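Peer 1: Can you keep this structure in mind? I'll have questions shortly.
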Amino acid sequence: MLTGGLLDRAGIAERIPHAGPMVLLDTIVASDAEAIHARTDSHRRADNPLRRAGQLHAVAGSEYGAQAAAVHGPLQAGPAATAQPGMIVSVRDLTWTRGRLDDIDGPLEVHATCLLADTRQLAYGFTLAQAGTTLVAGEIGIILS
């Protein structure tokens, strides 16, 4: 649902091909033609499906960037639009400043910027930050089905 300009978790789930706990973003804070800003606390949830041995490695940050990319297109296309299914085929220039995300207090800020979008592929640069500190950054490539 769009409420006060924000898209909540239920509204995100309606637009991307993920379900249940795999919907990692909690709210869309802002979106324009080039970029999207999301916020989430899913990194602290025990049912986060990306956890291994109870921990969420920083590499999982690439999926947060991918989900921001997935919801960005439908937000630009209109209120009833949904993401075209796709697959992450590349993660480039991935960097992180800490090994884990699950032990971070407070929400993560997810920013993604469209670098390329056409009918067959997407490329986005993304960052995950908390309290103004970048935790994970990189680029993702997605082939659309």
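By order of appearance in the structure tokens: chains A, B, ..., then residues from 1 within every chain, and ligands from 1 in the order shown.
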Write out as a count of residues only each polymer residue whose atoms come within 7 Å of region 56-68 of chain A, counting only C-alpha atoms; drop sequence neighbours fewer than 2 positions from it.
Peer 2: 23
Peer 1: Write out as a VMD selection string which residues come within 12 Å of Ala10 (chain A) when counting only C-alpha atoms, dropping same-chain ones fewer than 5 positions away.
Peer 2: chain A and resid 1 to 3 15 to 16 18 to 21 23 to 28
Peer 1: Give me, as a PDB file with N, CA and C atoms, in the first residue's frame, the residues of region 9-91 of chain A that a backbone DSSP run labels helix (DSSP H, G or I).
Peer 2:
```pdb
ATOM      1  N   ARG A   9       5.790  -2.915   3.704  1.00  0.00           N
ATOM      2  CA  ARG A   9       6.244  -4.264   3.387  1.00  0.00           C
ATOM      3  C   ARG A   9       5.203  -5.034   2.572  1.00  0.00           C
ATOM      4  N   ALA A  10       3.933  -4.901   2.912  1.00  0.00           N
ATOM      5  CA  ALA A  10       2.877  -5.588   2.165  1.00  0.00           C
ATOM      6  C   ALA A  10       2.837  -5.093   0.722  1.00  0.00           C
ATOM      7  N   GLY A  11       2.978  -3.796   0.530  1.00  0.00           N
ATOM      8  CA  GLY A  11       2.991  -3.237  -0.816  1.00  0.00           C
ATOM      9  C   GLY A  11       4.203  -3.674  -1.614  1.00  0.00           C
ATOM     10  N   ILE A  12       5.340  -3.798  -0.932  1.00  0.00           N
ATOM     11  CA  ILE A  12       6.554  -4.297  -1.594  1.00  0.00           C
ATOM     12  C   ILE A  12       6.329  -5.734  -2.033  1.00  0.00           C
ATOM     13  N   ALA A  13       5.768  -6.555  -1.135  1.00  0.00           N
ATOM     14  CA  ALA A  13       5.532  -7.968  -1.437  1.00  0.00           C
ATOM     15  C   ALA A  13       4.592  -8.150  -2.631  1.00  0.00           C
ATOM     16  N   GLU A  14       3.669  -7.224  -2.837  1.00  0.00           N
ATOM     17  CA  GLU A  14       2.757  -7.303  -3.982  1.00  0.00           C
ATOM     18  C   GLU A  14       3.470  -7.036  -5.303  1.00  0.00           C
ATOM     19  N   ARG A  15       4.626  -6.394  -5.259  1.00  0.00           N
ATOM     20  CA  ARG A  15       5.284  -5.957  -6.488  1.00  0.00           C
ATOM     21  C   ARG A  15       6.518  -6.757  -6.870  1.00  0.00           C
ATOM     22  N   GLY A  20       6.809 -14.100   1.939  1.00  0.00           N
ATOM     23  CA  GLY A  20       7.103 -14.424   3.330  1.00  0.00           C
ATOM     24  C   GLY A  20       8.355 -13.717   3.833  1.00  0.00           C
ATOM     25  N   PRO A  21       9.175 -14.430   4.603  1.00  0.00           N
ATOM     26  CA  PRO A  21      10.357 -13.803   5.181  1.00  0.00           C
ATOM     27  C   PRO A  21      11.399 -13.385   4.138  1.00  0.00           C
ATOM     28  N   MET A  22      11.267 -13.889   2.894  1.00  0.00           N
ATOM     29  CA  MET A  22      12.229 -13.501   1.862  1.00  0.00           C
ATOM     30  C   MET A  22      12.000 -12.071   1.380  1.00  0.00           C
ATOM     31  N   SER A  42      14.981  -6.250   8.741  1.00  0.00           N
ATOM     32  CA  SER A  42      14.959  -7.696   8.529  1.00  0.00           C
ATOM     33  C   SER A  42      16.295  -8.370   8.822  1.00  0.00           C
ATOM     34  N   HIS A  43      17.371  -7.600   8.861  1.00  0.00           N
ATOM     35  CA  HIS A  43      18.679  -8.179   9.168  1.00  0.00           C
ATOM     36  C   HIS A  43      18.746  -8.720  10.591  1.00  0.00           C
ATOM     37  N   ARG A  44      17.845  -8.268  11.452  1.00  0.00           N
ATOM     38  CA  ARG A  44      17.839  -8.706  12.848  1.00  0.00           C
ATOM     39  C   ARG A  44      16.813  -9.803  13.117  1.00  0.00           C
ATOM     40  N   ALA A  58      27.693 -10.283   5.554  1.00  0.00           N
ATOM     41  CA  ALA A  58      27.575  -9.037   4.796  1.00  0.00           C
ATOM     42  C   ALA A  58      27.336  -9.275   3.308  1.00  0.00           C
ATOM     43  N   VAL A  59      27.793 -10.389   2.773  1.00  0.00           N
ATOM     44  CA  VAL A  59      27.574 -10.694   1.356  1.00  0.00           C
ATOM     45  C   VAL A  59      26.078 -10.727   1.034  1.00  0.00           C
ATOM     46  N   ALA A  60      25.248 -11.071   2.019  1.00  0.00           N
ATOM     47  CA  ALA A  60      23.799 -11.077   1.814  1.00  0.00           C
ATOM     48  C   ALA A  60      23.276  -9.686   1.477  1.00  0.00           C
ATOM     49  N   GLY A  61      24.058  -8.671   1.734  1.00  0.00           N
ATOM     50  CA  GLY A  61      23.670  -7.309   1.382  1.00  0.00           C
ATOM     51  C   GLY A  61      23.361  -7.151  -0.092  1.00  0.00           C
ATOM     52  N   SER A  62      23.952  -7.996  -0.940  1.00  0.00           N
ATOM     53  CA  SER A  62      23.667  -7.908  -2.377  1.00  0.00           C
ATOM     54  C   SER A  62      22.204  -8.232  -2.670  1.00  0.00           C
ATOM     55  N   GLU A  63      21.593  -9.119  -1.893  1.00  0.00           N
ATOM     56  CA  GLU A  63      20.166  -9.424  -2.090  1.00  0.00           C
ATOM     57  C   GLU A  63      19.292  -8.246  -1.682  1.00  0.00           C
ATOM     58  N   TYR A  64      19.709  -7.494  -0.680  1.00  0.00           N
ATOM     59  CA  TYR A  64      18.967  -6.288  -0.302  1.00  0.00           C
ATOM     60  C   TYR A  64      18.991  -5.285  -1.457  1.00  0.00           C
ATOM     61  N   GLY A  65      20.151  -5.117  -2.078  1.00  0.00           N
ATOM     62  CA  GLY A  65      20.245  -4.234  -3.239  1.00  0.00           C
ATOM     63  C   GLY A  65      19.401  -4.727  -4.393  1.00  0.00           C
ATOM     64  N   ALA A  66      19.388  -6.050  -4.605  1.00  0.00           N
ATOM     65  CA  ALA A  66      18.595  -6.631  -5.686  1.00  0.00           C
ATOM     66  C   ALA A  66      17.096  -6.433  -5.457  1.00  0.00           C
ATOM     67  N   GLN A  67      16.649  -6.555  -4.214  1.00  0.00           N
ATOM     68  CA  GLN A  67      15.228  -6.344  -3.949  1.00  0.00           C
ATOM     69  C   GLN A  67      14.845  -4.880  -4.134  1.00  0.00           C
ATOM     70  N   ALA A  68      15.732  -3.973  -3.781  1.00  0.00           N
ATOM     71  CA  ALA A  68      15.448  -2.560  -4.040  1.00  0.00           C
ATOM     72  C   ALA A  68      15.328  -2.333  -5.544  1.00  0.00           C
ATOM     73  N   ALA A  69      16.213  -2.946  -6.318  1.00  0.00           N
ATOM     74  CA  ALA A  69      16.138  -2.849  -7.777  1.00  0.00           C
ATOM     75  C   ALA A  69      14.830  -3.441  -8.296  1.00  0.00           C
ATOM     76  N   ALA A  70      14.418  -4.578  -7.732  1.00  0.00           N
ATOM     77  CA  ALA A  70      13.203  -5.246  -8.193  1.00  0.00           C
ATOM     78  C   ALA A  70      11.958  -4.400  -7.991  1.00  0.00           C
ATOM     79  N   VAL A  71      11.886  -3.661  -6.907  1.00  0.00           N
ATOM     80  CA  VAL A  71      10.700  -2.851  -6.636  1.00  0.00           C
ATOM     81  C   VAL A  71      10.777  -1.478  -7.319  1.00  0.00           C
ATOM     82  N   HIS A  72      11.977  -1.049  -7.693  1.00  0.00           N
ATOM     83  CA  HIS A  72      12.148   0.272  -8.312  1.00  0.00           C
ATOM     84  C   HIS A  72      11.369   0.392  -9.626  1.00  0.00           C
ATOM     85  N   GLY A  73      11.519  -0.590 -10.505  1.00  0.00           N
ATOM     86  CA  GLY A  73      10.835  -0.530 -11.796  1.00  0.00           C
ATOM     87  C   GLY A  73       9.329  -0.429 -11.674  1.00  0.00           C
ATOM     88  N   PRO A  74       8.690  -1.323 -10.911  1.00  0.00           N
ATOM     89  CA  PRO A  74       7.239  -1.227 -10.753  1.00  0.00           C
ATOM     90  C   PRO A  74       6.779   0.101 -10.153  1.00  0.00           C
ATOM     91  N   LEU A  75       7.542   0.671  -9.248  1.00  0.00           N
ATOM     92  CA  LEU A  75       7.154   1.972  -8.687  1.00  0.00           C
ATOM     93  C   LEU A  75       7.137   3.050  -9.766  1.00  0.00           C
ATOM     94  N   GLN A  76       8.047   2.942 -10.718  1.00  0.00           N
ATOM     95  CA  GLN A  76       8.098   3.924 -11.790  1.00  0.00           C
ATOM     96  C   GLN A  76       7.020   3.667 -12.843  1.00  0.00           C
ATOM     97  N   ALA A  77       6.599   2.396 -12.961  1.00  0.00           N
ATOM     98  CA  ALA A  77       5.636   2.021 -14.003  1.00  0.00           C
ATOM     99  C   ALA A  77       4.184   2.306 -13.629  1.00  0.00           C
TER     100      ALA A  77
END
```
Peer 1: Could you pull out all residues of chain A with a DSSP call of strand (DSSP E) and give them as a compact mmCIF listing (two decimals) with N, CA and C atoms, in the first residue's frame?
Peer 2:
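result_36.txt written:
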```txt
# COMPACT_ATOMS: atom_id res chain seq x y z
N LEU A 2 0.44 2.27 -0.70
CA LEU A 2 1.10 3.57 -0.64
C LEU A 2 0.41 4.39 0.43
N THR A 3 1.17 4.82 1.40
CA THR A 3 0.62 5.61 2.49
C THR A 3 1.55 6.79 2.73
N LEU A 6 4.88 6.54 1.10
CA LEU A 6 5.73 5.40 1.42
C LEU A 6 5.07 4.10 1.00
N LEU A 7 5.86 3.14 0.61
CA LEU A 7 5.37 1.81 0.30
C LEU A 7 5.78 0.90 1.46
N ASP A 8 4.81 0.24 2.08
CA ASP A 8 5.12 -0.63 3.22
C ASP A 8 5.47 -2.04 2.75
N THR A 27 10.11 -0.88 4.11
CA THR A 27 9.44 0.31 3.61
C THR A 27 10.27 0.98 2.52
N ILE A 28 9.59 1.61 1.59
CA ILE A 28 10.26 2.45 0.60
C ILE A 28 10.12 3.88 1.08
N VAL A 29 11.25 4.51 1.28
CA VAL A 29 11.29 5.88 1.80
C VAL A 29 11.14 6.89 0.67
N ALA A 30 11.80 6.63 -0.47
CA ALA A 30 11.75 7.55 -1.60
C ALA A 30 12.11 6.80 -2.87
N SER A 31 11.61 7.31 -4.00
CA SER A 31 11.93 6.71 -5.29
C SER A 31 11.73 7.76 -6.37
N ALA A 35 16.64 6.33 -8.90
CA ALA A 35 17.08 5.70 -7.66
C ALA A 35 15.92 5.40 -6.71
N ILE A 36 16.22 4.54 -5.74
CA ILE A 36 15.26 4.17 -4.71
C ILE A 36 15.97 4.11 -3.37
N HIS A 37 15.24 4.46 -2.33
CA HIS A 37 15.74 4.42 -0.95
C HIS A 37 14.75 3.61 -0.13
N ALA A 38 15.24 2.52 0.47
CA ALA A 38 14.40 1.66 1.31
C ALA A 38 15.00 1.58 2.70
N ARG A 39 14.20 1.10 3.62
CA ARG A 39 14.64 0.92 5.01
C ARG A 39 14.15 -0.45 5.49
N THR A 40 14.94 -1.09 6.36
CA THR A 40 14.55 -2.40 6.86
C THR A 40 15.20 -2.75 8.19
N GLY A 86 13.32 -12.23 -12.59
CA GLY A 86 14.68 -12.20 -13.10
C GLY A 86 15.62 -12.97 -12.19
N MET A 87 16.88 -12.99 -12.57
CA MET A 87 17.89 -13.70 -11.81
C MET A 87 19.15 -12.84 -11.73
N ILE A 88 19.71 -12.76 -10.54
CA ILE A 88 20.99 -12.07 -10.38
C ILE A 88 22.04 -12.90 -11.11
N VAL A 89 22.74 -12.30 -12.06
CA VAL A 89 23.76 -13.02 -12.80
C VAL A 89 25.16 -12.50 -12.52
N SER A 90 25.24 -11.33 -11.89
CA SER A 90 26.57 -10.84 -11.52
C SER A 90 26.49 -9.92 -10.31
N VAL A 91 27.51 -10.00 -9.51
CA VAL A 91 27.72 -9.06 -8.41
C VAL A 91 29.15 -8.58 -8.58
N ARG A 92 29.31 -7.28 -8.75
CA ARG A 92 30.63 -6.72 -9.04
C ARG A 92 31.02 -5.69 -7.98
N ASP A 93 32.30 -5.55 -7.81
CA ASP A 93 32.87 -4.53 -6.92
C ASP A 93 32.23 -4.55 -5.54
N LEU A 94 31.92 -5.75 -5.04
CA LEU A 94 31.29 -5.88 -3.74
C LEU A 94 32.31 -5.61 -2.63
N THR A 95 31.97 -4.68 -1.77
CA THR A 95 32.83 -4.36 -0.62
C THR A 95 31.97 -4.33 0.63
N TRP A 96 32.59 -4.62 1.76
CA TRP A 96 31.89 -4.51 3.04
C TRP A 96 32.87 -4.08 4.10
N LEU A 108 18.58 -0.70 8.59
CA LEU A 108 19.50 -0.52 7.47
C LEU A 108 18.84 0.40 6.45
N GLU A 109 19.63 1.28 5.88
CA GLU A 109 19.20 2.14 4.78
C GLU A 109 19.73 1.51 3.50
N VAL A 110 18.84 1.20 2.58
CA VAL A 110 19.21 0.56 1.32
C VAL A 110 18.99 1.57 0.19
N HIS A 111 20.05 1.88 -0.53
CA HIS A 111 19.98 2.80 -1.66
C HIS A 111 20.40 2.04 -2.92
N ALA A 112 19.64 2.18 -3.99
CA ALA A 112 19.99 1.56 -5.26
C ALA A 112 19.77 2.57 -6.38
N THR A 113 20.73 2.61 -7.28
CA THR A 113 20.69 3.54 -8.41
C THR A 113 20.76 2.74 -9.71
N CYS A 114 19.83 3.01 -10.60
CA CYS A 114 19.77 2.31 -11.89
C CYS A 114 20.92 2.77 -12.78
N LEU A 115 21.71 1.80 -13.24
CA LEU A 115 22.80 2.07 -14.17
C LEU A 115 22.43 1.70 -15.60
N LEU A 116 21.52 0.70 -15.73
CA LEU A 116 21.08 0.22 -17.03
C LEU A 116 19.74 -0.48 -16.85
N ALA A 117 18.80 -0.19 -17.73
CA ALA A 117 17.51 -0.88 -17.71
C ALA A 117 16.99 -0.99 -19.13
N GLN A 121 17.51 -6.79 -19.32
CA GLN A 121 18.49 -6.76 -18.25
C GLN A 121 18.43 -5.47 -17.44
N LEU A 122 18.94 -5.57 -16.22
CA LEU A 122 19.05 -4.43 -15.32
C LEU A 122 20.44 -4.44 -14.70
N ALA A 123 20.94 -3.27 -14.41
CA ALA A 123 22.17 -3.13 -13.62
C ALA A 123 21.95 -1.99 -12.63
N TYR A 124 22.28 -2.25 -11.38
CA TYR A 124 22.11 -1.26 -10.31
C TYR A 124 23.36 -1.20 -9.45
N GLY A 125 23.70 -0.01 -9.02
CA GLY A 125 24.66 0.17 -7.95
C GLY A 125 23.88 0.28 -6.66
N PHE A 126 24.42 -0.24 -5.56
CA PHE A 126 23.68 -0.19 -4.31
C PHE A 126 24.61 0.01 -3.12
N THR A 127 24.04 0.54 -2.05
CA THR A 127 24.72 0.62 -0.76
C THR A 127 23.74 0.25 0.34
N LEU A 128 24.27 -0.36 1.38
CA LEU A 128 23.55 -0.57 2.64
C LEU A 128 24.31 0.23 3.68
N ALA A 129 23.58 1.01 4.43
CA ALA A 129 24.23 1.85 5.44
C ALA A 129 23.42 1.81 6.72
N GLN A 130 24.08 2.16 7.81
CA GLN A 130 23.41 2.30 9.09
C GLN A 130 24.06 3.46 9.80
N THR A 133 26.96 5.20 8.07
CA THR A 133 28.15 4.42 7.74
C THR A 133 27.81 3.37 6.70
N THR A 134 28.52 3.37 5.58
CA THR A 134 28.30 2.36 4.55
C THR A 134 28.82 1.02 5.05
N LEU A 135 27.96 0.00 4.97
CA LEU A 135 28.31 -1.34 5.43
C LEU A 135 28.63 -2.27 4.26
N VAL A 136 27.85 -2.16 3.18
CA VAL A 136 28.02 -2.99 1.99
C VAL A 136 27.74 -2.12 0.78
N ALA A 137 28.52 -2.31 -0.27
CA ALA A 137 28.30 -1.58 -1.52
C ALA A 137 28.71 -2.46 -2.68
N GLY A 138 28.11 -2.23 -3.84
CA GLY A 138 28.48 -2.98 -5.03
C GLY A 138 27.54 -2.70 -6.18
N GLU A 139 27.65 -3.54 -7.20
CA GLU A 139 26.79 -3.46 -8.37
C GLU A 139 26.22 -4.85 -8.63
N ILE A 140 24.98 -4.89 -9.06
CA ILE A 140 24.35 -6.16 -9.41
C ILE A 140 23.86 -6.11 -10.85
N GLY A 141 23.94 -7.25 -11.50
CA GLY A 141 23.39 -7.41 -12.85
C GLY A 141 22.29 -8.44 -12.79
N ILE A 142 21.17 -8.14 -13.42
CA ILE A 142 19.99 -9.01 -13.39
C ILE A 142 19.54 -9.25 -14.83
N ILE A 143 19.35 -10.53 -15.16
CA ILE A 143 18.74 -10.89 -16.45
C ILE A 143 17.26 -11.14 -16.20
N LEU A 144 16.41 -10.52 -16.98
CA LEU A 144 14.97 -10.66 -16.81
C LEU A 144 14.45 -11.86 -17.59
```
Peer 1: So what do you get for CA of Gly78 (chain A) versus CA of Asp41 (chain A), distance-wise?
Peer 2: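 Result for CA of Gly78 (chain A) versus CA of Asp41 (chain A): 26.3 Å, one decimal.
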Peer 1: Which residue is closest to Ala83 (chain A)? Choose from A:Glu34, A:Ala131, A:Thr119, A:Asp47 and count only C-alpha atoms.
Peer 2: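 Closest to Ala83 (chain A), using only C-alpha atoms: A:Thr119.
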Peer 1: Between CA of Pro17 (chain A) and CA of Arg45 (chain A), what is the distance, to one decimal in Å?
Peer 2: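 Computing the Euclidean distance for CA of Pro17 (chain A) and CA of Arg45 (chain A) yields 20.3 Å.
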Peer 1: When you draw a straight line from CA of Ala81 (chain A) to CA of Asn48 (chain A), how long is it in Å?
Peer 2: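 So the two atoms, CA of Ala81 (chain A) and CA of Asn48 (chain A), lie 26.1 Å apart.
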